[in-house]
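Colleague: Next comes the structure file coords_11.cif, holding mmCIF, C-alpha atoms and all ligand atoms.
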```cif
data_target
#
loop_
_atom_site.label_atom_id
_atom_site.label_comp_id
_atom_site.auth_asym_id
_atom_site.auth_seq_id
_atom_site.Cartn_x
_atom_site.Cartn_y
_atom_site.Cartn_z
CA MET A 115 -28.94 -1.31 4.73
CA ILE A 116 -26.14 0.75 3.23
CA ALA A 117 -23.68 -0.81 0.79
CA ILE A 118 -20.10 0.43 1.01
CA GLY A 119 -17.10 -0.42 -1.12
CA CYS A 120 -13.77 0.98 -2.18
CA ASP A 121 -10.52 0.27 -3.95
CA HIS A 122 -7.09 0.72 -2.34
CA GLY A 123 -7.21 4.48 -3.07
CA GLY A 124 -10.36 4.79 -0.98
CA TYR A 125 -9.57 2.34 1.79
CA GLU A 126 -8.41 4.80 4.47
CA LEU A 127 -11.44 7.05 3.91
CA LYS A 128 -13.76 4.04 3.95
CA LYS A 129 -12.52 3.21 7.46
CA GLU A 130 -13.46 6.74 8.61
CA ILE A 131 -16.91 6.46 7.05
CA ILE A 132 -17.48 3.06 8.62
CA LYS A 133 -16.58 4.60 12.00
CA TYR A 134 -19.34 7.18 11.41
CA LEU A 135 -21.88 4.51 10.33
CA GLU A 136 -21.12 2.50 13.45
CA GLU A 137 -21.36 5.54 15.74
CA LYS A 138 -24.77 6.35 14.24
CA GLN A 139 -25.79 2.67 14.39
CA LEU A 140 -26.54 2.66 10.68
CA GLU A 141 -26.57 -0.83 9.21
CA TYR A 142 -24.08 -1.40 6.43
CA LYS A 143 -22.58 -4.14 4.33
CA ASP A 144 -18.91 -3.77 3.47
CA PHE A 145 -18.16 -5.19 0.02
CA GLY A 146 -14.38 -4.62 0.36
CA CYS A 147 -11.61 -4.10 -0.52
CA HIS A 148 -9.44 -4.41 2.55
CA GLY A 149 -6.55 -2.24 1.47
CA GLU A 150 -4.92 -4.51 -1.09
CA SER A 151 -4.41 -3.26 -4.66
CA VAL A 152 -7.59 -4.01 -6.63
CA ASP A 153 -9.51 -2.89 -9.71
CA TYR A 154 -12.20 -0.35 -8.82
CA PRO A 155 -14.82 -1.54 -11.40
CA GLU A 156 -15.24 -4.78 -9.45
CA TYR A 157 -16.28 -2.88 -6.30
CA ALA A 158 -18.46 -0.49 -8.27
CA LYS A 159 -20.29 -3.55 -9.63
CA LEU A 160 -20.71 -5.22 -6.21
CA VAL A 161 -22.13 -2.10 -4.57
CA GLY A 162 -24.02 -1.02 -7.70
CA HIS A 163 -25.84 -4.33 -8.05
CA ALA A 164 -26.62 -4.48 -4.33
CA VAL A 165 -28.37 -1.10 -4.68
CA ALA A 166 -29.96 -1.68 -8.11
CA ASP A 167 -31.30 -5.10 -7.02
CA GLY A 168 -32.79 -3.68 -3.81
CA GLU A 169 -30.56 -5.55 -1.35
CA CYS A 170 -29.34 -2.16 -0.08
CA GLU A 171 -31.18 1.19 -0.15
CA LYS A 172 -28.13 3.35 -0.75
CA GLY A 173 -24.45 2.95 -1.47
CA ILE A 174 -21.12 4.61 -0.81
CA LEU A 175 -18.20 4.09 -3.19
CA ILE A 176 -14.68 5.40 -2.74
CA CYS A 177 -11.63 5.26 -4.98
CA GLY A 178 -8.66 7.61 -5.23
CA THR A 179 -10.56 10.35 -7.03
CA GLY A 180 -14.08 8.94 -6.96
CA ILE A 181 -14.12 9.29 -10.72
CA GLY A 182 -13.41 5.77 -11.97
CA ILE A 183 -15.65 4.09 -9.45
CA SER A 184 -18.56 6.47 -10.21
CA ILE A 185 -18.19 6.01 -13.97
CA ALA A 186 -18.26 2.23 -13.50
CA ALA A 187 -21.26 2.30 -11.12
CA ASN A 188 -23.28 4.46 -13.48
CA LYS A 189 -23.09 1.73 -16.16
CA ILE A 190 -25.48 -0.36 -14.05
CA LYS A 191 -29.15 0.13 -14.84
CA GLY A 192 -30.97 1.74 -11.94
CA VAL A 193 -27.83 3.22 -10.40
CA ARG A 194 -27.56 6.98 -10.05
CA CYS A 195 -24.13 7.51 -8.60
CA ALA A 196 -23.04 11.07 -7.77
CA LEU A 197 -19.41 11.99 -7.29
CA CYS A 198 -19.48 14.68 -4.61
CA GLY A 199 -16.92 17.08 -3.23
CA ASP A 200 -19.17 19.40 -1.23
CA CYS A 201 -22.28 19.23 0.95
CA PHE A 202 -24.41 21.37 -1.36
CA SER A 203 -23.97 18.75 -4.12
CA ALA A 204 -24.57 15.86 -1.71
CA GLU A 205 -27.89 17.45 -0.74
CA ALA A 206 -28.91 18.52 -4.24
CA THR A 207 -28.19 15.15 -5.80
CA ARG A 208 -30.65 13.55 -3.38
CA GLU A 209 -33.32 16.22 -3.86
CA HIS A 210 -32.98 16.55 -7.64
CA ASN A 211 -31.43 13.33 -8.97
CA ASN A 212 -32.62 10.86 -6.34
CA ALA A 213 -29.03 9.60 -6.40
CA ASN A 214 -28.74 6.21 -4.74
CA ILE A 215 -24.95 6.03 -4.48
CA ILE A 216 -22.47 8.69 -3.42
CA ALA A 217 -18.91 8.45 -4.72
CA LEU A 218 -15.99 10.08 -2.93
CA GLY A 219 -12.32 10.58 -3.65
CA GLY A 220 -10.13 9.21 -0.89
CA ARG A 221 -7.10 11.12 -2.19
CA VAL A 222 -9.10 14.31 -2.70
CA THR A 223 -11.49 14.75 0.22
CA GLY A 224 -10.61 14.85 3.90
CA PRO A 225 -12.48 12.67 6.40
CA SER A 226 -14.47 15.43 8.14
CA LEU A 227 -15.95 16.74 4.91
CA ALA A 228 -16.51 13.21 3.60
CA VAL A 229 -18.46 12.20 6.72
CA LYS A 230 -20.55 15.36 6.55
CA MET A 231 -21.34 14.66 2.87
CA VAL A 232 -22.31 11.08 3.65
CA ASP A 233 -24.50 12.23 6.54
CA THR A 234 -26.20 14.78 4.25
CA PHE A 235 -26.60 12.23 1.48
CA LEU A 236 -28.13 9.60 3.75
CA HIS A 237 -30.56 11.98 5.44
CA THR A 238 -31.83 14.10 2.55
CA PRO A 239 -35.03 12.83 0.92
CA PHE A 240 -35.83 13.04 -2.79
CA SER A 241 -37.99 16.10 -3.51
CA ASN A 242 -40.55 14.05 -5.47
CA ASP A 243 -41.12 17.12 -7.65
CA GLU A 244 -42.74 16.30 -10.97
CA ARG A 245 -39.96 17.96 -12.97
CA HIS A 246 -37.28 15.91 -11.23
CA ILE A 247 -39.24 12.68 -11.67
CA ARG A 248 -39.58 13.51 -15.38
CA ARG A 249 -35.87 14.24 -15.81
CA ILE A 250 -34.80 11.08 -13.99
CA ALA A 251 -37.14 9.06 -16.20
CA GLN A 252 -35.42 10.59 -19.23
CA ILE A 253 -32.06 9.34 -17.94
CA GLU A 254 -33.44 5.82 -17.57
CA ASP A 255 -34.77 5.73 -21.16
C1 LIG B 1 -6.06 3.75 -8.33
O1 LIG B 1 -4.70 4.01 -8.30
C2 LIG B 1 -6.83 4.92 -8.90
O2 LIG B 1 -6.67 4.97 -10.26
C3 LIG B 1 -8.28 4.80 -8.52
O3 LIG B 1 -8.40 4.76 -7.13
C4 LIG B 1 -9.21 5.92 -8.96
O4 LIG B 1 -8.71 7.17 -8.60
C5 LIG B 1 -9.66 5.86 -10.35
O5 LIG B 1 -10.48 6.68 -10.81
#
```
What does this structure look like when you write it as structure tokens?
Ligand code: RB5

Modeller:
Amino acid sequence: MIAIGCDHGGYELKKEIIKYLEEKQLEYKDFGCHGESVDYPEYAKLVGHAVADGECEKGILICGTGIGISIAANKIKGVRCALCGDCFSAEATREHNNANIIALGGRVTGPSLAVKMVDTFLHTPFSNDERHIRRIAQIED
């Protein structure tokens, strides 16, 4: 199950990503918002806790820039949220950081690139390399 959430700045892009998830028959839970003006930390917390608590394996968060919502999500223990703007980063953050949430900027990134990043993020496994495990453990300290 994939958790997805956004604020008003990410709402249009969220609709495009949901279209992709449905086309690929990937199960998701939409935590809102529905286009109304909201505060992004609330949605970062809903998605972040769903992932950190194990209800969802991965998450997708979108605000205007992706910055605020990623900062807020990364306050939650167990969340590794990566703000991405390119596919190389979306792949590397899975392989190296075992990121469990991708953050995107709805006012920054176009839908085609965003969908490709999400696809990369969802389908790239963690490397399981000892050095990456060690570094992630140091973040969690
Ligand atoms: C909302 O206007 C905007 O501040 C928010 O979507 C995000 O870009 C914050 O980082």

Colleague: Can you pull out the residues contacting range 187-189 of chain A? Cut-off 6 Å, using all atoms listed in the file, and skip same-chain residues under 3 positions away; I want them as an MDAnalysis selection string.

Modeller: chainID A and resid 158 162 184 193 195

Colleague: Would you list the contacts of range 218-231 of chain A as a PDB file with C-alpha atoms, keeping the file's coordinate frame, taking every protein, DNA or RNA residue within 9 Å and counting all atoms listed in the file, but skipping same-chain residues closer than 2 positions in sequence?

Modeller:
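Listing of selection_30.pdb after writing:
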```
ATOM      1  CA  GLY A 123      -7.210   4.480  -3.070  1.00  0.00           C
ATOM      2  CA  GLY A 124     -10.360   4.790  -0.980  1.00  0.00           C
ATOM      3  CA  TYR A 125      -9.570   2.340   1.790  1.00  0.00           C
ATOM      4  CA  GLU A 126      -8.410   4.800   4.470  1.00  0.00           C
ATOM      5  CA  LEU A 127     -11.440   7.050   3.910  1.00  0.00           C
ATOM      6  CA  LYS A 128     -13.760   4.040   3.950  1.00  0.00           C
ATOM      7  CA  GLU A 130     -13.460   6.740   8.610  1.00  0.00           C
ATOM      8  CA  ILE A 131     -16.910   6.460   7.050  1.00  0.00           C
ATOM      9  CA  TYR A 134     -19.340   7.180  11.410  1.00  0.00           C
ATOM     10  CA  ILE A 174     -21.120   4.610  -0.810  1.00  0.00           C
ATOM     11  CA  LEU A 175     -18.200   4.090  -3.190  1.00  0.00           C
ATOM     12  CA  ILE A 176     -14.680   5.400  -2.740  1.00  0.00           C
ATOM     13  CA  CYS A 177     -11.630   5.260  -4.980  1.00  0.00           C
ATOM     14  CA  GLY A 178      -8.660   7.610  -5.230  1.00  0.00           C
ATOM     15  CA  THR A 179     -10.560  10.350  -7.030  1.00  0.00           C
ATOM     16  CA  GLY A 180     -14.080   8.940  -6.960  1.00  0.00           C
ATOM     17  CA  ILE A 181     -14.120   9.290 -10.720  1.00  0.00           C
ATOM     18  CA  ILE A 183     -15.650   4.090  -9.450  1.00  0.00           C
ATOM     19  CA  SER A 184     -18.560   6.470 -10.210  1.00  0.00           C
ATOM     20  CA  ALA A 196     -23.040  11.070  -7.770  1.00  0.00           C
ATOM     21  CA  LEU A 197     -19.410  11.990  -7.290  1.00  0.00           C
ATOM     22  CA  CYS A 198     -19.480  14.680  -4.610  1.00  0.00           C
ATOM     23  CA  GLY A 199     -16.920  17.080  -3.230  1.00  0.00           C
ATOM     24  CA  ASP A 200     -19.170  19.400  -1.230  1.00  0.00           C
ATOM     25  CA  CYS A 201     -22.280  19.230   0.950  1.00  0.00           C
ATOM     26  CA  PHE A 202     -24.410  21.370  -1.360  1.00  0.00           C
ATOM     27  CA  SER A 203     -23.970  18.750  -4.120  1.00  0.00           C
ATOM     28  CA  ALA A 204     -24.570  15.860  -1.710  1.00  0.00           C
ATOM     29  CA  GLU A 205     -27.890  17.450  -0.740  1.00  0.00           C
ATOM     30  CA  ILE A 216     -22.470   8.690  -3.420  1.00  0.00           C
ATOM     31  CA  ASP A 233     -24.500  12.230   6.540  1.00  0.00           C
ATOM     32  CA  THR A 234     -26.200  14.780   4.250  1.00  0.00           C
ATOM     33  CA  PHE A 235     -26.600  12.230   1.480  1.00  0.00           C
ATOM     34  CA  LEU A 236     -28.130   9.600   3.750  1.00  0.00           C
TER      35      LEU A 236
END
```

Colleague: Quick one: distance from CA of Arg249 in chain A to CA of Ala217 in chain A in Å, one decimal?

Modeller: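 That distance, rounded to one decimal, is 21.1 Å.
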
Colleague: Please list as a PyMOL selection string every residue within 6 Å of range 144-157 of chain A, counting only C-alpha atoms and excluding residues in the same chain fewer than 3 positions away.

Modeller: chain A and resi 118-122+125+160+183+186

Colleague: Need the shell around Arg248 in chain A: protein/DNA/RNA residues with any atom at most 12 Å away, counting all atoms listed in the file. Skip same-chain ones fewer than 5 positions apart. Format as JSON, numbers by chain?

Modeller: {"A": [210, 211, 212, 242, 243, 253, 254, 255]}
